[in-house]
file structure_27.pdb (PDB, C-alpha atoms)
ATOM      1  CA  MET A1281      11.496 -32.729   2.047
ATOM      2  CA  ILE A1282      10.664 -30.136   4.673
ATOM      3  CA  THR A1283      12.641 -27.388   6.302
ATOM      4  CA  LYS A1284      12.984 -28.769   9.810
ATOM      5  CA  THR A1285      13.563 -25.500  11.583
ATOM      6  CA  GLU A1286      14.039 -25.088  15.310
ATOM      7  CA  ILE A1287      10.532 -23.650  15.674
ATOM      8  CA  VAL A1288       8.960 -26.644  13.887
ATOM      9  CA  SER A1289      10.772 -29.106  16.175
ATOM     10  CA  LYS A1290       9.905 -27.135  19.314
ATOM     11  CA  ILE A1291       6.233 -26.839  18.401
ATOM     12  CA  GLY A1292       6.074 -30.593  17.936
ATOM     13  CA  GLU A1293       7.739 -31.281  21.285
ATOM     14  CA  VAL A1294       5.487 -28.854  23.125
ATOM     15  CA  ILE A1295       2.316 -30.282  21.555
ATOM     16  CA  ARG A1296       3.384 -33.792  22.580
ATOM     17  CA  GLU A1297       4.156 -32.692  26.141
ATOM     18  CA  LEU A1298       0.855 -30.822  26.541
ATOM     19  CA  ARG A1299      -1.050 -33.817  25.111
ATOM     20  CA  LEU A1300       0.667 -36.214  27.512
ATOM     21  CA  GLU A1301      -0.002 -33.887  30.485
ATOM     22  CA  ARG A1302      -3.682 -34.299  29.574
ATOM     23  CA  ASN A1303      -3.292 -38.108  29.456
ATOM     24  CA  LEU A1304      -4.514 -38.287  25.874
ATOM     25  CA  SER A1305      -3.370 -40.760  23.225
ATOM     26  CA  GLN A1306      -2.449 -39.397  19.789
ATOM     27  CA  GLU A1307      -5.688 -40.877  18.496
ATOM     28  CA  GLU A1308      -7.896 -39.270  21.153
ATOM     29  CA  PHE A1309      -6.191 -35.902  20.817
ATOM     30  CA  ALA A1310      -6.218 -35.954  16.991
ATOM     31  CA  ASP A1311      -9.986 -36.578  17.153
ATOM     32  CA  GLN A1312     -10.427 -33.558  19.431
ATOM     33  CA  CYS A1313      -8.418 -31.442  16.967
ATOM     34  CA  SER A1314     -10.293 -32.852  13.928
ATOM     35  CA  ILE A1315      -7.013 -33.815  12.283
ATOM     36  CA  HIS A1316      -5.713 -37.242  11.277
ATOM     37  CA  ARG A1317      -3.705 -39.205  13.840
ATOM     38  CA  THR A1318      -0.796 -39.816  11.462
ATOM     39  CA  TYR A1319      -0.697 -36.106  10.644
ATOM     40  CA  LEU A1320      -0.565 -35.292  14.372
ATOM     41  CA  GLY A1321       2.302 -37.781  14.696
ATOM     42  CA  CYS A1322       4.230 -36.004  11.924
ATOM     43  CA  ILE A1323       3.658 -32.629  13.582
ATOM     44  CA  GLU A1324       4.805 -33.929  16.988
ATOM     45  CA  ARG A1325       7.999 -35.322  15.429
ATOM     46  CA  GLY A1326       8.648 -32.037  13.587
ATOM     47  CA  GLU A1327       8.221 -33.764  10.226
ATOM     48  CA  LYS A1328       5.467 -31.451   8.995
ATOM     49  CA  VAL A1329       5.510 -27.673   8.898
ATOM     50  CA  VAL A1330       2.199 -26.866  10.506
ATOM     51  CA  THR A1331      -0.064 -24.174   9.033
ATOM     52  CA  ILE A1332      -1.684 -21.612  11.255
ATOM     53  CA  ASN A1333      -5.144 -23.129  10.686
ATOM     54  CA  THR A1334      -4.019 -26.534  11.942
ATOM     55  CA  LEU A1335      -2.145 -25.017  14.860
ATOM     56  CA  LYS A1336      -5.282 -23.062  15.818
ATOM     57  CA  LYS A1337      -7.278 -26.328  15.902
ATOM     58  CA  ILE A1338      -4.605 -27.848  18.140
ATOM     59  CA  THR A1339      -4.373 -24.910  20.557
ATOM     60  CA  ASP A1340      -8.188 -24.718  20.736
ATOM     61  CA  ALA A1341      -8.267 -28.411  21.679
ATOM     62  CA  LEU A1342      -5.594 -27.722  24.324
ATOM     63  CA  GLY A1343      -7.682 -24.842  25.686
ATOM     64  CA  LEU A1344      -4.905 -22.338  24.994
ATOM     65  CA  THR A1345      -4.719 -19.153  22.961
ATOM     66  CA  LEU A1346      -1.963 -18.954  20.336
ATOM     67  CA  THR A1347      -0.267 -16.351  22.543
ATOM     68  CA  GLN A1348      -0.246 -18.756  25.503
ATOM     69  CA  PHE A1349       0.975 -21.585  23.288
ATOM     70  CA  PHE A1350       3.913 -19.571  21.904
ATOM     71  CA  LYS A1351       4.814 -18.280  25.335
ATOM     72  CA  ILE A1352       5.298 -21.914  26.370
ATOM     73  CA  THR A1353       7.045 -22.834  23.099
ATOM     74  CA  GLU A1354       9.453 -19.899  23.056
ATOM     75  CA  SER A1355      10.561 -20.539  26.644
ATOM     76  CA  HIS A1356      10.893 -24.297  25.989
ATOM     77  CA  LYS A1357      14.406 -25.744  26.168
TER
ATOM     78  CA  MET B1238      -9.268 -23.024  -2.507
ATOM     79  CA  ILE B1239      -8.238 -22.140   1.021
ATOM     80  CA  THR B1240     -10.029 -22.106   4.323
ATOM     81  CA  LYS B1241     -10.202 -18.387   5.003
ATOM     82  CA  THR B1242     -10.550 -18.581   8.748
ATOM     83  CA  GLU B1243     -10.764 -15.616  11.087
ATOM     84  CA  ILE B1244      -7.196 -16.179  12.265
ATOM     85  CA  VAL B1245      -5.841 -16.184   8.687
ATOM     86  CA  SER B1246      -7.590 -12.888   7.910
ATOM     87  CA  LYS B1247      -6.461 -11.293  11.175
ATOM     88  CA  ILE B1248      -2.841 -12.349  10.707
ATOM     89  CA  GLY B1249      -2.848 -10.775   7.259
ATOM     90  CA  GLU B1250      -4.323  -7.517   8.538
ATOM     91  CA  VAL B1251      -1.861  -7.307  11.415
ATOM     92  CA  ILE B1252       1.146  -8.003   9.163
ATOM     93  CA  ARG B1253       0.031  -5.258   6.785
ATOM     94  CA  GLU B1254      -0.476  -2.784   9.647
ATOM     95  CA  LEU B1255       2.900  -3.532  11.221
ATOM     96  CA  ARG B1256       4.613  -3.250   7.819
ATOM     97  CA  LEU B1257       2.967   0.135   7.140
ATOM     98  CA  GLU B1258       3.917   1.392  10.627
ATOM     99  CA  ARG B1259       7.504   0.702   9.565
ATOM    100  CA  ASN B1260       6.977   2.643   6.286
ATOM    101  CA  LEU B1261       7.954  -0.369   4.186
ATOM    102  CA  SER B1262       6.570  -1.279   0.777
ATOM    103  CA  GLN B1263       5.471  -4.901   0.196
ATOM    104  CA  GLU B1264       8.572  -5.331  -1.942
ATOM    105  CA  GLU B1265      10.996  -3.993   0.671
ATOM    106  CA  PHE B1266       9.391  -5.975   3.459
ATOM    107  CA  ALA B1267       9.164  -9.201   1.408
ATOM    108  CA  ASP B1268      12.907  -8.871   0.721
ATOM    109  CA  GLN B1269      13.605  -8.530   4.444
ATOM    110  CA  CYS B1270      11.519 -11.666   5.085
ATOM    111  CA  SER B1271      13.133 -13.593   2.197
ATOM    112  CA  ILE B1272       9.719 -14.360   0.732
ATOM    113  CA  HIS B1273       8.235 -13.373  -2.617
ATOM    114  CA  ARG B1274       6.330 -10.071  -2.832
ATOM    115  CA  THR B1275       3.253 -11.674  -4.408
ATOM    116  CA  TYR B1276       3.232 -14.325  -1.669
ATOM    117  CA  LEU B1277       3.369 -11.575   0.980
ATOM    118  CA  GLY B1278       0.435  -9.883  -0.787
ATOM    119  CA  CYS B1279      -1.593 -13.107  -0.604
ATOM    120  CA  ILE B1280      -0.792 -13.487   3.091
ATOM    121  CA  GLU B1281      -1.746  -9.872   3.851
ATOM    122  CA  ARG B1282      -5.097 -10.349   2.061
ATOM    123  CA  GLY B1283      -5.753 -13.611   3.924
ATOM    124  CA  GLU B1284      -5.614 -15.588   0.675
ATOM    125  CA  LYS B1285      -2.846 -17.942   1.826
ATOM    126  CA  VAL B1286      -2.760 -20.011   4.980
ATOM    127  CA  VAL B1287       0.672 -19.205   6.290
ATOM    128  CA  THR B1288       2.928 -21.933   7.663
ATOM    129  CA  ILE B1289       4.780 -21.459  10.890
ATOM    130  CA  ASN B1290       8.141 -21.258   9.073
ATOM    131  CA  THR B1291       6.980 -18.359   6.912
ATOM    132  CA  LEU B1292       5.352 -16.623   9.859
ATOM    133  CA  LYS B1293       8.615 -16.948  11.804
ATOM    134  CA  LYS B1294      10.507 -15.228   8.958
ATOM    135  CA  ILE B1295       7.929 -12.423   9.012
ATOM    136  CA  THR B1296       7.951 -11.920  12.788
ATOM    137  CA  ASP B1297      11.780 -12.008  12.789
ATOM    138  CA  ALA B1298      11.787  -9.253  10.149
ATOM    139  CA  LEU B1299       9.322  -7.273  12.287
ATOM    140  CA  GLY B1300      11.587  -7.697  15.309
ATOM    141  CA  LEU B1301       8.862  -9.512  17.249
ATOM    142  CA  THR B1302       8.658 -12.910  18.918
ATOM    143  CA  LEU B1303       5.756 -15.147  17.888
ATOM    144  CA  THR B1304       4.298 -14.564  21.362
ATOM    145  CA  GLN B1305       4.381 -10.785  20.860
ATOM    146  CA  PHE B1306       2.913 -11.139  17.387
ATOM    147  CA  PHE B1307      -0.022 -13.276  18.562
ATOM    148  CA  LYS B1308      -0.673 -10.992  21.507
ATOM    149  CA  ILE B1309      -1.211  -8.182  18.980
ATOM    150  CA  THR B1310      -3.193 -10.420  16.611
ATOM    151  CA  GLU B1311      -5.503 -11.909  19.233
ATOM    152  CA  SER B1312      -6.394  -8.479  20.639
ATOM    153  CA  HIS B1313      -6.893  -7.053  17.120
ATOM    154  CA  LYS B1314     -10.464  -5.986  16.237
TER
END
call {"tool": "encode", "arguments": {"input": "structure_27.pdb", "output": "structure tokens"}}
result
Amino acid sequence: MITKTEIVSKIGEVIRELRLERNLSQEEFADQCSIHRTYLGCIERGEKVVTINTLKKITDALGLTLTQFFKITESHK
Amino acid sequence: MITKTEIVSKIGEVIRELRLERNLSQEEFADQCSIHRTYLGCIERGEKVVTINTLKKITDALGLTLTQFFKITESHK
């Protein structure tokens, strides 16, 4: 049972979109982030409340700072 | 046992600084964030890896967006 807040859903959607823009499968991208593919899937679907350490791994793999990532996320519809 | 990464430590330091700028005790600020005072203490000392839901409560209470918060955090020495 997680608290599926708006921010959790948005973060998941934005991660998925940025991954797809880079033409990466969940498996390839999860490897780059050093997280498990099924865990990445949960995050993308907003089923897991991501910690800041995991999000930092993801934004590093995307080549973005956390500031850049949240700028995209907070302006995301 | 947590992974005390640089980002976790920095986030804690920045939260503490922003709270003190507002002249709030841990107890007062924790109440405003709807989190427990001892949990806030752990976050400020970098002893807890904060989730994005908790961080959102904290930045809301500070009157900052996540983007603004990370801009401060990532430029913090």
call {"tool": "atom_distance", "arguments": {"input": "structure_27.pdb", "atom1": "atom CA of Asn1260 of chain B", "atom2": "atom CA of Phe1350 of chain A"}}
result
27.3 Å
call {"tool": "resolve_selection", "arguments": {"input": "structure_27.pdb", "expression": "the PyMOL selection byres ((chain A and resi 1311-1313) around 10)", "output": "count of residues only"}}
result
21
call {"tool": "closest_atom_pairs", "arguments": {"input": "structure_27.pdb", "of": "chain A", "to": "chain B", "cutoff": "6 Å", "atoms": "all atoms listed in the file", "output": "tab-separated table"}}
result
residue	atom	partner	partner_atom	distance
A:Val1330	CA	B:Thr1288	CA	5.7
A:Thr1331	CA	B:Thr1288	CA	4.0
A:Ile1332	CA	B:Thr1288	CA	5.9
A:Thr1347	CA	B:Phe1307	CA	5.0
A:Phe1350	CA	B:Thr1304	CA	5.1
A:Lys1351	CA	B:Thr1304	CA	5.5
call {"tool": "calpha_fit_and_write", "arguments": {"input": "structure_27.pdb", "fixed": "chain A", "moving": "chain B", "output": "mmCIF file with C-alpha atoms, in the coordinates of the input"}}
result
data_model
loop_
_atom_site.group_PDB
_atom_site.id
_atom_site.type_symbol
_atom_site.label_atom_id
_atom_site.label_comp_id
_atom_site.auth_asym_id
_atom_site.auth_seq_id
_atom_site.Cartn_x
_atom_site.Cartn_y
_atom_site.Cartn_z
ATOM 1 C CA MET B 1238 11.411 -32.692 2.005
ATOM 2 C CA ILE B 1239 10.643 -30.120 4.667
ATOM 3 C CA THR B 1240 12.643 -27.395 6.305
ATOM 4 C CA LYS B 1241 12.994 -28.777 9.811
ATOM 5 C CA THR B 1242 13.575 -25.504 11.581
ATOM 6 C CA GLU B 1243 14.047 -25.080 15.310
ATOM 7 C CA ILE B 1244 10.544 -23.655 15.677
ATOM 8 C CA VAL B 1245 8.962 -26.645 13.891
ATOM 9 C CA SER B 1246 10.775 -29.100 16.174
ATOM 10 C CA LYS B 1247 9.917 -27.122 19.309
ATOM 11 C CA ILE B 1248 6.239 -26.835 18.401
ATOM 12 C CA GLY B 1249 6.080 -30.593 17.936
ATOM 13 C CA GLU B 1250 7.751 -31.270 21.279
ATOM 14 C CA VAL B 1251 5.489 -28.846 23.120
ATOM 15 C CA ILE B 1252 2.320 -30.287 21.546
ATOM 16 C CA ARG B 1253 3.378 -33.791 22.565
ATOM 17 C CA GLU B 1254 4.157 -32.675 26.131
ATOM 18 C CA LEU B 1255 0.865 -30.823 26.536
ATOM 19 C CA ARG B 1256 -1.053 -33.802 25.108
ATOM 20 C CA LEU B 1257 0.667 -36.216 27.525
ATOM 21 C CA GLU B 1258 -0.010 -33.878 30.477
ATOM 22 C CA ARG B 1259 -3.680 -34.289 29.567
ATOM 23 C CA ASN B 1260 -3.296 -38.115 29.470
ATOM 24 C CA LEU B 1261 -4.515 -38.283 25.875
ATOM 25 C CA SER B 1262 -3.387 -40.753 23.230
ATOM 26 C CA GLN B 1263 -2.459 -39.384 19.776
ATOM 27 C CA GLU B 1264 -5.705 -40.864 18.494
ATOM 28 C CA GLU B 1265 -7.906 -39.259 21.153
ATOM 29 C CA PHE B 1266 -6.197 -35.905 20.822
ATOM 30 C CA ALA B 1267 -6.219 -35.962 16.993
ATOM 31 C CA ASP B 1268 -9.985 -36.585 17.156
ATOM 32 C CA GLN B 1269 -10.428 -33.574 19.436
ATOM 33 C CA CYS B 1270 -8.420 -31.457 16.970
ATOM 34 C CA SER B 1271 -10.285 -32.842 13.927
ATOM 35 C CA ILE B 1272 -7.003 -33.807 12.289
ATOM 36 C CA HIS B 1273 -5.703 -37.226 11.282
ATOM 37 C CA ARG B 1274 -3.698 -39.212 13.854
ATOM 38 C CA THR B 1275 -0.789 -39.820 11.469
ATOM 39 C CA TYR B 1276 -0.687 -36.100 10.645
ATOM 40 C CA LEU B 1277 -0.554 -35.287 14.377
ATOM 41 C CA GLY B 1278 2.320 -37.784 14.702
ATOM 42 C CA CYS B 1279 4.237 -36.008 11.926
ATOM 43 C CA ILE B 1280 3.663 -32.638 13.586
ATOM 44 C CA GLU B 1281 4.794 -33.925 16.994
ATOM 45 C CA ARG B 1282 8.003 -35.317 15.437
ATOM 46 C CA GLY B 1283 8.660 -32.043 13.595
ATOM 47 C CA GLU B 1284 8.240 -33.762 10.225
ATOM 48 C CA LYS B 1285 5.469 -31.447 9.004
ATOM 49 C CA VAL B 1286 5.512 -27.676 8.899
ATOM 50 C CA VAL B 1287 2.203 -26.862 10.491
ATOM 51 C CA THR B 1288 -0.057 -24.181 9.034
ATOM 52 C CA ILE B 1289 -1.678 -21.620 11.243
ATOM 53 C CA ASN B 1290 -5.140 -23.149 10.682
ATOM 54 C CA THR B 1291 -4.017 -26.551 11.942
ATOM 55 C CA LEU B 1292 -2.141 -25.016 14.853
ATOM 56 C CA LYS B 1293 -5.281 -23.074 15.804
ATOM 57 C CA LYS B 1294 -7.289 -26.329 15.901
ATOM 58 C CA ILE B 1295 -4.614 -27.849 18.147
ATOM 59 C CA THR B 1296 -4.374 -24.903 20.550
ATOM 60 C CA ASP B 1297 -8.196 -24.718 20.722
ATOM 61 C CA ALA B 1298 -8.273 -28.409 21.685
ATOM 62 C CA LEU B 1299 -5.606 -27.720 24.327
ATOM 63 C CA GLY B 1300 -7.685 -24.847 25.692
ATOM 64 C CA LEU B 1301 -4.908 -22.342 24.987
ATOM 65 C CA THR B 1302 -4.719 -19.146 22.957
ATOM 66 C CA LEU B 1303 -1.973 -18.951 20.329
ATOM 67 C CA THR B 1304 -0.273 -16.356 22.546
ATOM 68 C CA GLN B 1305 -0.252 -18.765 25.502
ATOM 69 C CA PHE B 1306 0.975 -21.584 23.291
ATOM 70 C CA PHE B 1307 3.901 -19.568 21.899
ATOM 71 C CA LYS B 1308 4.822 -18.288 25.338
ATOM 72 C CA ILE B 1309 5.297 -21.932 26.372
ATOM 73 C CA THR B 1310 7.040 -22.841 23.103
ATOM 74 C CA GLU B 1311 9.459 -19.913 23.058
ATOM 75 C CA SER B 1312 10.562 -20.552 26.651
ATOM 76 C CA HIS B 1313 10.885 -24.310 25.993
ATOM 77 C CA LYS B 1314 14.427 -25.750 26.208
#
call {"tool": "atom_distance", "arguments": {"input": "structure_27.pdb", "atom1": "atom CA of His1313 of chain B", "atom2": "atom CA of Lys1247 of chain B"}}
result
7.3 Å
call {"tool": "atom_distance", "arguments": {"input": "structure_27.pdb", "atom1": "atom CA of Ile1280 of chain B", "atom2": "atom CA of Arg1253 of chain B"}}
result
9.1 Å
call {"tool": "resolve_selection", "arguments": {"input": "structure_27.pdb", "expression": "the PyMOL selection byres ((chain A and resi 1292) around 6)", "output": "JSON, numbers by chain"}}
result
{"A": [1289, 1290, 1291, 1293, 1294, 1295, 1323, 1324, 1325, 1326]}
